[in-house]
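Below is one structure, written out as structure tokens; the observations come after it.
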Amino acid sequence: MDLKGKQVLVAGLGKSGIAAGALLKKKGCEVCLFDGNETFDADALREKYPVFSDCPLWIGNLPDGALLQIELVVVSPGIPLDSPVVQKIYHAGIPVWGEAELAFCLSKGRVAAITGTNGKTTTTILVGEILKQCYPEVFVVGNIGIPYTSIAEQTTEQTVTVAEISSFQLETMETFHPSVSAILNITPDHLDRHHTMEAYIRAKESIVKCQTKGDTCVLNYEDEILRAFAQTLDVKVLFFSSKRPLKEGIYLQKDTIWIAQKGKEPERLTDIHELKLLGTHNYENVMAASGVALCMGAPIGTVQSVLKEFRGVKHRIEFVRELHGVLYYNDSKATNPDAAIRGIGAMNRRTMLIGGGYDKNLEFDDWIESFAGKVKCLLLIGQTKDKIAVCARKHGFENIVCCDTLKEAVDICYRLSEPGEAVLLSPACASWGDFKDYTQRGDLFRQYVMNLQE
């Protein structure tokens with residue numbers, strides 16, 4: 001696509017906005033910049049990124065006159081589409097793209113795309129590790145922290161791009177066409193942004209909207225929403241299941257993961273005891289990743305060898321250390337109750353649980369119910385601590401400590417935990433407000449734990 005000479009506004013100057021603006025400049029666009037944060041440091045931006053030194057920049061509010069010559073707006077995923085600034089752009093009749101849509105339009109090669117409420121990062125990175133053993137040009141990008149636009153110019157027709165795609169990014173997709181897509185699961189999340197569960201579901205399911213009959217969508221058979229969604233699709237569907245054998249698909253039976261193809265005997269993929277990952281949710285991630293990789297052309301032998309070596313990702317039930325017989329785990333990426341339920345489910349011992357954070361208008365009843373005698377004490381931090389405490393007591397869980405800081409929670413866990421127990425940071429909430437993101441929260445947890453005295 002030729003964008004040369006077009007007047008393009010980049011709205012939102014975080015990591016993805018910076019990458020999008022830099023790519024547009026390389027493509028010969030006349031780039032303008034906007035960030036709604038009134039404290040945004042324009043001088044620091046231009047000093048760090050000289051490529052933007054000649055770009056008009058608006059901070060806080062976008063003047064009406066700023067849009068007069070604009071032909072395209074690229075919005076960062078953190079900006080809600082119902083925000084006043086985006087509504088102003090829509091009313092001006094200007095096309096709105098997301099950073100990932102821009103990247104796809106300016107990239108070459110095939111794409112595998114993964115979305116879902118939970119498990120996206122683990123699955124995406126695992127797919128990338130498998131495909132890197134099969135193809136010379138593989139990029140792993142998207143919601144994992146590597147902007148899609150940052151690699152667009154490096155792609156060729158031989159490139160394979162593996163992209164983690166969020167519901168925020170899917171809202172602004174128009175032509176995005178993955179050869180293989182995957183929706184891992186759909187449970188309540190980001191209702192502060194999407195407002196209704198129906199809108200959130202539509203956003204997730206839109207990952208397939210440009211796929212055609214020759215493409216494949218990998219779906220979780222045990223998710224009722226996705227099982228029904230499969231009936232509406234014209235693309236090929238590959239199911240995976242952690243609860244039952246499938247006539248066609250990938251499934252877990254006892255301790256073995258099998259692949260069943262029509263007209264053939266099921267083939268053993270791996271045994272869960274050969275994996276370095278914990279928990280049924282991770283076995284689902286393994287099945288989904290294997291399905292995506294196989295549909296992208298990976299040989300089964302390559303899939304099997306990578307599965308045995310894969311150690312997971314940071315901040316997702318990440319083992320930190322053992323101290324005085326207590327195991328410490330960092331599950332900071334559990335930013336919603338369903339993800340945190342999976343974290344609890346992976347624990348095989350009594351657990352001191354640290355939770356709480358930013359309020360995304362979610363309910364915590366199912367999370368509390370999942371404690372089932374496994375959680376010894378619930379330590380709460382952040383904006384939601386009182387809301388969660390009320391919910392916990394409603395369900396009969398009384399051993400609750402509200403803390404002012406994450407460090408205080410870690411210190412209390414250190415004092416109250418006993419040999420043979422675990423300490424788990426699995427917040428069930430986003431990190432915003434107290435931390436820059438979940439990675440900073442997890443890094444600080446790891447730092448506090450490593451600083452505990454022997």
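Residue names in the structure tokens use chain letters A, B, ... in the order shown, residue numbers from 1 in each chain, and ligand numbers from 1 in the order shown.
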Which residues are near stretch 9-12 of chain A? Cut-off 12 Å, only C-alpha atoms, ignore same chain within fewer than 5 positions. Put them as a VMD selection string. chain A and resid 17 to 25 29 to 38 40 52 55 to 62 66 to 81 83 85 to 86 89 94 to 99 102
Enumerate as JSON, numbers by chain all residues of stretch 57-155 of chain A assigned to helix (DSSP H, G or I) by DSSP on the backbone, naming them with the chain letters and numbers the document uses. {"A": [64, 65, 66, 67, 84, 85, 86, 87, 88, 89, 90, 91, 99, 100, 101, 102, 103, 104, 105, 120, 121, 122, 123, 124, 125, 126, 127, 128, 129, 130, 131, 132, 148, 149, 150, 152, 153, 154]}
Residues from the last selection, C-alpha atoms, saved as a JSON list (two decimals), in the first residue's frame:
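What landed in selection04.json:
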```
[["chain", "number", "residue", "atom", "x", "y", "z"],
["A", 64, "ASP", "CA", -10.59, 21.11, 15.51],
["A", 65, "GLY", "CA", -8.26, 22.72, 13.01],
["A", 66, "ALA", "CA", -5.70, 19.93, 13.45],
["A", 67, "LEU", "CA", -7.88, 17.57, 11.42],
["A", 84, "PRO", "CA", -14.09, 12.23, 22.69],
["A", 85, "VAL", "CA", -10.96, 12.54, 20.55],
["A", 86, "VAL", "CA", -11.74, 9.45, 18.47],
["A", 87, "GLN", "CA", -15.38, 10.45, 18.14],
["A", 88, "LYS", "CA", -14.22, 13.83, 16.85],
["A", 89, "ILE", "CA", -12.12, 12.03, 14.23],
["A", 90, "TYR", "CA", -15.00, 9.80, 13.17],
["A", 91, "HIS", "CA", -17.33, 12.80, 12.88],
["A", 99, "GLU", "CA", -1.20, 0.23, 14.74],
["A", 100, "ALA", "CA", -1.58, -3.48, 13.95],
["A", 101, "GLU", "CA", -3.81, -2.79, 10.93],
["A", 102, "LEU", "CA", -1.21, -0.34, 9.62],
["A", 103, "ALA", "CA", 1.52, -2.93, 10.11],
["A", 104, "PHE", "CA", -0.41, -5.63, 8.28],
["A", 105, "CYS", "CA", -1.11, -3.32, 5.33],
["A", 120, "LYS", "CA", -2.20, -15.37, 24.47],
["A", 121, "THR", "CA", 1.39, -14.55, 25.33],
["A", 122, "THR", "CA", 2.45, -18.09, 26.22],
["A", 123, "THR", "CA", 0.77, -19.48, 23.11],
["A", 124, "THR", "CA", 2.17, -16.79, 20.82],
["A", 125, "ILE", "CA", 5.75, -17.19, 22.03],
["A", 126, "LEU", "CA", 5.50, -20.99, 21.82],
["A", 127, "VAL", "CA", 4.21, -20.79, 18.23],
["A", 128, "GLY", "CA", 7.09, -18.48, 17.43],
["A", 129, "GLU", "CA", 9.65, -20.87, 18.94],
["A", 130, "ILE", "CA", 8.28, -23.76, 16.89],
["A", 131, "LEU", "CA", 8.13, -21.85, 13.61],
["A", 132, "LYS", "CA", 11.64, -20.45, 14.06],
["A", 148, "TYR", "CA", 3.94, -5.00, 14.82],
["A", 149, "THR", "CA", 4.95, -1.86, 12.93],
["A", 150, "SER", "CA", 8.53, -2.14, 14.24],
["A", 152, "ALA", "CA", 6.94, -4.34, 8.95],
["A", 153, "GLU", "CA", 9.74, -3.04, 6.71],
["A", 154, "GLN", "CA", 11.87, -6.12, 7.32]]
```
With a cut-off of 9 Å, could you pull out the residues of stretch 180-247 of chain A touching stretch 256-268 of chain A and give me the nearest pair of atoms for each, distance in Å to one decimal, using only C-alpha atoms, ordered by chain and ascending number, as CSV?
```
residue,atom,partner,partner_atom,distance
A:Ser242,CA,A:Ile257,CA,8.7
A:Pro245,CA,A:Trp258,CA,8.4
A:Leu246,CA,A:Ala260,CA,6.8
A:Lys247,CA,A:Ala260,CA,6.0
```
Which residues are close to stretch 308-311 of chain A, i.e. within 9 Å by only C-alpha atoms, leaving aside same-chain residues fewer than 2 positions away? Reply as a PyMOL selection string. chain A and resi 126+129+270+274-277+303-306+313
If you count only C-alpha atoms, which residues fall within 6 Å of A:Ser426, apart from same-chain ones fewer than 6 positions away, as a VMD selection string? chain A and resid 331 to 332 334 340 355
If DSSP is run on the backbone, what residues of stretch 294-380 of chain A are strand (DSSP E)? A reply as a ChimeraX atom specification would be ideal. /A:318-323,326-330,351-355,375-380
Compile the contact shell of A:Val180 as a PyMOL selection string: residues with an atom at most 12 Å away, counting only C-alpha atoms, same-chain residues fewer than 5 positions apart removed. chain A and resi 110-115+127+160-163+207-208+210-219+235-238+288-297
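Going from atom CA of A:Ile300 over to atom CA of A:Gly109, you cover 22.4 Å.
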Need to verify the contact set: A:Tyr329, 6 Å, only C-alpha atoms, exclusion of same-chain residues closer than 2 positions in sequence. Can you return it as a list of chain:residue names?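 Neighbouring residues, sequence-local ones excluded: A:Ile317, A:Glu318, A:Phe319, A:Val320, A:Leu424.
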Residues from last step as file, C-alpha atoms, as a PDB file, in the first residue's frame:
```pdb
ATOM      1  CA  ILE A 317       3.306 -18.677  37.101  1.00  0.00           C
ATOM      2  CA  GLU A 318       7.024 -17.927  36.947  1.00  0.00           C
ATOM      3  CA  PHE A 319       9.058 -19.635  39.657  1.00  0.00           C
ATOM      4  CA  VAL A 320      11.102 -16.983  41.501  1.00  0.00           C
ATOM      5  CA  LEU A 424       1.742 -16.509  44.710  1.00  0.00           C
TER       6      LEU A 424
END
```
Just to confirm, what's the straight-line distance from atom CA of A:Ser206 to atom CA of A:Phe364 in Å (one decimal)?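 Separation of atom CA of A:Ser206 and atom CA of A:Phe364: 27.2 Å.
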Shell of 9 Å around A:Glu418, only C-alpha atoms, local chain residues under 3 positions omitted, as a list of chain:residue names: A:His324, A:Gly325, A:Val326, A:Tyr414, A:Arg415, A:Glu421, A:Ala422
So the first atom is atom CA of A:Lys6 and the second is atom CA of A:Asp54; what is the distance between them in Å, to one decimal place?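 So the two atoms, atom CA of A:Lys6 and atom CA of A:Asp54, lie 15.5 Å apart.
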Proximity to A:Gly357 - best of A:Cys377, A:Ile412, A:Ala428, A:Ala389, only C-alpha atoms: A:Ala428
